[in-house]
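Engineer: Data file upload07.pdb (PDB, C-alpha atoms) is appended below.
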ATOM      1  CA  MET O1389       9.879  -1.609 -44.677  1.00  0.00           C
ATOM      2  CA  ASP O1390      11.130  -4.606 -42.730  1.00  0.00           C
ATOM      3  CA  PRO O1391       8.713  -5.327 -39.802  1.00  0.00           C
ATOM      4  CA  SER O1392      11.629  -6.420 -37.603  1.00  0.00           C
ATOM      5  CA  MET O1393      12.915  -2.867 -37.634  1.00  0.00           C
ATOM      6  CA  SER O1394      11.032  -0.620 -35.276  1.00  0.00           C
ATOM      7  CA  VAL O1395      10.938   3.122 -35.450  1.00  0.00           C
ATOM      8  CA  THR O1396      11.113   4.859 -32.095  1.00  0.00           C
ATOM      9  CA  SER O1397      10.149   8.435 -31.567  1.00  0.00           C
ATOM     10  CA  THR O1398      12.774  10.759 -30.144  1.00  0.00           C
ATOM     11  CA  THR O1399      10.161  13.287 -29.029  1.00  0.00           C
ATOM     12  CA  PRO O1400       9.110  13.135 -25.406  1.00  0.00           C
ATOM     13  CA  SER O1401       5.665  11.805 -24.615  1.00  0.00           C
ATOM     14  CA  LEU O1402       3.027  14.449 -23.965  1.00  0.00           C
ATOM     15  CA  GLU O1403       1.228  12.174 -21.513  1.00  0.00           C
ATOM     16  CA  GLU O1404       2.167  12.519 -17.884  1.00  0.00           C
ATOM     17  CA  PRO O1405       2.928   9.276 -16.035  1.00  0.00           C
ATOM     18  CA  PRO O1406       0.270   8.344 -13.463  1.00  0.00           C
ATOM     19  CA  VAL O1407       0.886   9.552  -9.924  1.00  0.00           C
ATOM     20  CA  GLY O1408      -0.764   9.020  -6.580  1.00  0.00           C
ATOM     21  CA  PHE O1409      -3.833   6.844  -6.489  1.00  0.00           C
ATOM     22  CA  ASP O1410      -3.839   6.678 -10.306  1.00  0.00           C
ATOM     23  CA  ARG O1411      -1.007   4.130 -10.069  1.00  0.00           C
ATOM     24  CA  GLY O1412      -3.320   1.697  -8.282  1.00  0.00           C
ATOM     25  CA  LEU O1413      -1.197   1.613  -5.125  1.00  0.00           C
ATOM     26  CA  GLN O1414      -2.387   1.643  -1.519  1.00  0.00           C
ATOM     27  CA  PRO O1415      -1.157   4.490   0.720  1.00  0.00           C
ATOM     28  CA  LEU O1416       1.263   3.553   3.487  1.00  0.00           C
ATOM     29  CA  ARG O1417       1.732   6.878   5.279  1.00  0.00           C
ATOM     30  CA  ILE O1418       1.862  10.624   4.861  1.00  0.00           C
ATOM     31  CA  LEU O1419       5.427  11.920   4.994  1.00  0.00           C
ATOM     32  CA  GLY O1420       4.643  15.635   4.987  1.00  0.00           C
ATOM     33  CA  VAL O1421       2.354  18.414   3.866  1.00  0.00           C
ATOM     34  CA  CYS O1422       2.945  21.548   1.803  1.00  0.00           C
ATOM     35  CA  ASP O1423       1.258  24.294  -0.160  1.00  0.00           C
ATOM     36  CA  TRP O1424       1.789  23.398  -3.822  1.00  0.00           C
ATOM     37  CA  SER O1425       0.651  26.236  -6.093  1.00  0.00           C
ATOM     38  CA  GLY O1426      -1.954  27.358  -3.572  1.00  0.00           C
ATOM     39  CA  GLU O1427      -3.328  23.880  -2.871  1.00  0.00           C
ATOM     40  CA  LEU O1428      -2.752  21.878   0.307  1.00  0.00           C
ATOM     41  CA  THR O1429      -0.865  18.750  -0.757  1.00  0.00           C
ATOM     42  CA  PHE O1430       0.404  15.640   1.063  1.00  0.00           C
ATOM     43  CA  LEU O1431       3.645  13.841   0.251  1.00  0.00           C
ATOM     44  CA  MET O1432       2.538  10.213   0.425  1.00  0.00           C
ATOM     45  CA  GLN O1433       4.472   6.959   0.618  1.00  0.00           C
ATOM     46  CA  TRP O1434       2.906   3.865  -0.966  1.00  0.00           C
ATOM     47  CA  LYS O1435       2.880   0.195   0.035  1.00  0.00           C
ATOM     48  CA  GLY O1436       5.425  -1.805  -1.974  1.00  0.00           C
ATOM     49  CA  CYS O1437       6.860   1.283  -3.686  1.00  0.00           C
ATOM     50  CA  ASP O1438       9.909   3.441  -2.976  1.00  0.00           C
ATOM     51  CA  GLN O1439       8.567   6.453  -4.863  1.00  0.00           C
ATOM     52  CA  ALA O1440       6.509   9.084  -3.013  1.00  0.00           C
ATOM     53  CA  ASP O1441       3.937  11.320  -4.709  1.00  0.00           C
ATOM     54  CA  LEU O1442       2.299  14.647  -4.013  1.00  0.00           C
ATOM     55  CA  VAL O1443      -1.430  14.104  -3.568  1.00  0.00           C
ATOM     56  CA  PRO O1444      -3.923  16.964  -3.225  1.00  0.00           C
ATOM     57  CA  ALA O1445      -5.468  17.035   0.264  1.00  0.00           C
ATOM     58  CA  ARG O1446      -8.958  17.097  -1.263  1.00  0.00           C
ATOM     59  CA  VAL O1447      -8.200  13.669  -2.808  1.00  0.00           C
ATOM     60  CA  ALA O1448      -6.477  12.188   0.264  1.00  0.00           C
ATOM     61  CA  ASN O1449      -9.291  13.375   2.563  1.00  0.00           C
ATOM     62  CA  VAL O1450     -11.749  11.255   0.566  1.00  0.00           C
ATOM     63  CA  ARG O1451      -9.554   8.262  -0.347  1.00  0.00           C
ATOM     64  CA  CYS O1452      -7.785   7.708   2.993  1.00  0.00           C
ATOM     65  CA  PRO O1453      -9.406   9.853   5.728  1.00  0.00           C
ATOM     66  CA  LYS O1454      -8.070   7.733   8.606  1.00  0.00           C
ATOM     67  CA  LEU O1455      -4.496   8.238   7.382  1.00  0.00           C
ATOM     68  CA  VAL O1456      -5.035  12.014   7.152  1.00  0.00           C
ATOM     69  CA  ILE O1457      -6.521  12.141  10.659  1.00  0.00           C
ATOM     70  CA  SER O1458      -3.623  10.082  12.056  1.00  0.00           C
ATOM     71  CA  PHE O1459      -1.124  12.423  10.387  1.00  0.00           C
ATOM     72  CA  TYR O1460      -2.656  15.459  12.083  1.00  0.00           C
ATOM     73  CA  GLU O1461      -3.150  13.692  15.447  1.00  0.00           C
ATOM     74  CA  GLU O1462       0.568  12.850  15.591  1.00  0.00           C
ATOM     75  CA  ARG O1463       1.501  16.502  15.104  1.00  0.00           C
ATOM     76  CA  ILE O1464      -1.017  18.527  17.120  1.00  0.00           C
ATOM     77  CA  VAL O1465       0.289  20.133  20.298  1.00  0.00           C
ATOM     78  CA  PHE O1466      -2.131  21.199  23.025  1.00  0.00           C
ATOM     79  CA  LYS O1467      -1.262  23.890  25.538  1.00  0.00           C
ATOM     80  CA  ASP O1468      -1.530  22.997  29.196  1.00  0.00           C
ATOM     81  CA  VAL O1469      -2.681  26.147  30.960  1.00  0.00           C
ATOM     82  CA  ILE O1470      -1.926  25.690  34.645  1.00  0.00           C
ATOM     83  CA  ASP O1471      -2.118  29.214  35.989  1.00  0.00           C
ATOM     84  CA  GLN O1472      -4.392  31.742  34.252  1.00  0.00           C
ATOM     85  CA  GLU O1473      -2.687  34.654  36.113  1.00  0.00           C
ATOM     86  CA  ASP O1474       0.572  34.107  34.214  1.00  0.00           C
ATOM     87  CA  LEU O1475      -1.153  34.594  30.863  1.00  0.00           C
ATOM     88  CA  ASP O1476      -1.179  37.863  28.963  1.00  0.00           C
ATOM     89  CA  PRO O1477      -4.790  39.150  29.104  1.00  0.00           C
ATOM     90  CA  LEU O1478      -4.630  40.141  25.431  1.00  0.00           C
ATOM     91  CA  ASP O1479      -3.662  36.585  24.505  1.00  0.00           C
ATOM     92  CA  LEU O1480      -6.727  35.043  26.191  1.00  0.00           C
ATOM     93  CA  ASP O1481      -9.031  36.132  23.366  1.00  0.00           C
ATOM     94  CA  ASN O1482      -6.964  34.267  20.785  1.00  0.00           C
ATOM     95  CA  ASP O1483      -6.220  31.152  22.848  1.00  0.00           C
ATOM     96  CA  LYS O1484      -8.079  28.181  21.399  1.00  0.00           C
ATOM     97  CA  GLY O1485      -6.215  25.576  23.470  1.00  0.00           C
ATOM     98  CA  TYR O1486      -3.958  24.445  20.657  1.00  0.00           C
ATOM     99  CA  GLU O1487      -0.775  25.652  19.057  1.00  0.00           C
ATOM    100  CA  THR O1488       0.093  26.082  15.420  1.00  0.00           C
ATOM    101  CA  THR O1489       3.366  26.897  13.706  1.00  0.00           C
ATOM    102  CA  SER O1490       3.722  30.571  12.947  1.00  0.00           C
ATOM    103  CA  ASN O1491       5.293  32.018   9.827  1.00  0.00           C
ATOM    104  CA  GLU O1492       7.327  34.582  11.798  1.00  0.00           C
TER     105      GLU O1492
END
When written as structure tokens, how does the structure in this file appear?
Structural biologist:
Amino acid sequence: MDPSMSVTSTTPSLEEPPVGFDRGLQPLRILGVCDWSGELTFLMQWKGCDQADLVPARVANVRCPKLVISFYEERIVFKDVIDQEDLDPLDLDNDKGYETTSNE
């Protein structure tokens, strides 16, 4: 066989391309968060790259904790309780001073 002729495989590669920190990129910011197959996952943007990747929160919490904290700090909403009399007495037991998004 002539060495100048190369044979290329038409079958797709079984190896997955590297994603997230496995690409050797530095995180720029967290774009969002979701539940991906039961695991909390961040959609992360990388420095010098237009492609974003889903990164498990357990990985991001260790690799870039300051970025994770900043993401949550930008989104937390605290309640300002001015007059306790206007509150529903049943709601006082559940009030932790912060608000989360409900699934209703």
Engineer: For the point (5.2, 14.3, -0.9) in file coordinates, what residues are within 8 Å, counting only C-alpha atoms? Give the answer as a ChimeraX atom specification?
Structural biologist: /O:1418-1421,1429-1433,1440-1443
Engineer: Counting all atoms listed in the file, which residue out of O:Arg1463, O:Pro1444, O:Lys1454, O:Arg1411 sits closest to Ser1425 of chain O?
Structural biologist: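 Between O:Arg1463, O:Pro1444, O:Lys1454, O:Arg1411, the residue approaching Ser1425 of chain O most closely is O:Pro1444.
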Engineer: How far is it from atom CA of Gln1439 of chain O to atom CA of Glu1461 of chain O, in Å with one decimal?
Structural biologist: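 Going from atom CA of Gln1439 of chain O over to atom CA of Glu1461 of chain O, I get 24.5 Å.
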Engineer: As a VMD selection string, please: the residues near Lys1435 of chain O (cut-off 9 Å, all atoms listed in the file, same-chain neighbours under 4 positions excluded).
Structural biologist: chain O and resid 1413 to 1417
Engineer: For the atom pair atom CA of Val1456 of chain O and atom CA of Glu1404 of chain O, what is the interatomic distance in Å to one decimal place?
Structural biologist: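 If I compute the distance from atom CA of Val1456 of chain O to atom CA of Glu1404 of chain O, I get 26.1 Å.
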Engineer: Would you compute the distance between atom CA of Gly1426 of chain O and atom CA of Asn1449 of chain O? Give it in Å to one decimal.
Structural biologist: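 These atoms are spaced 16.9 Å apart.
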Engineer: When distances are computed from all atoms listed in the file, which of O:Val1450, O:Ile1464, O:Ala1445, O:Ile1457 shows the smallest separation from Cys1422 of chain O?
Structural biologist: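 The shortest atom-to-atom distance to Cys1422 of chain O comes from O:Ala1445.
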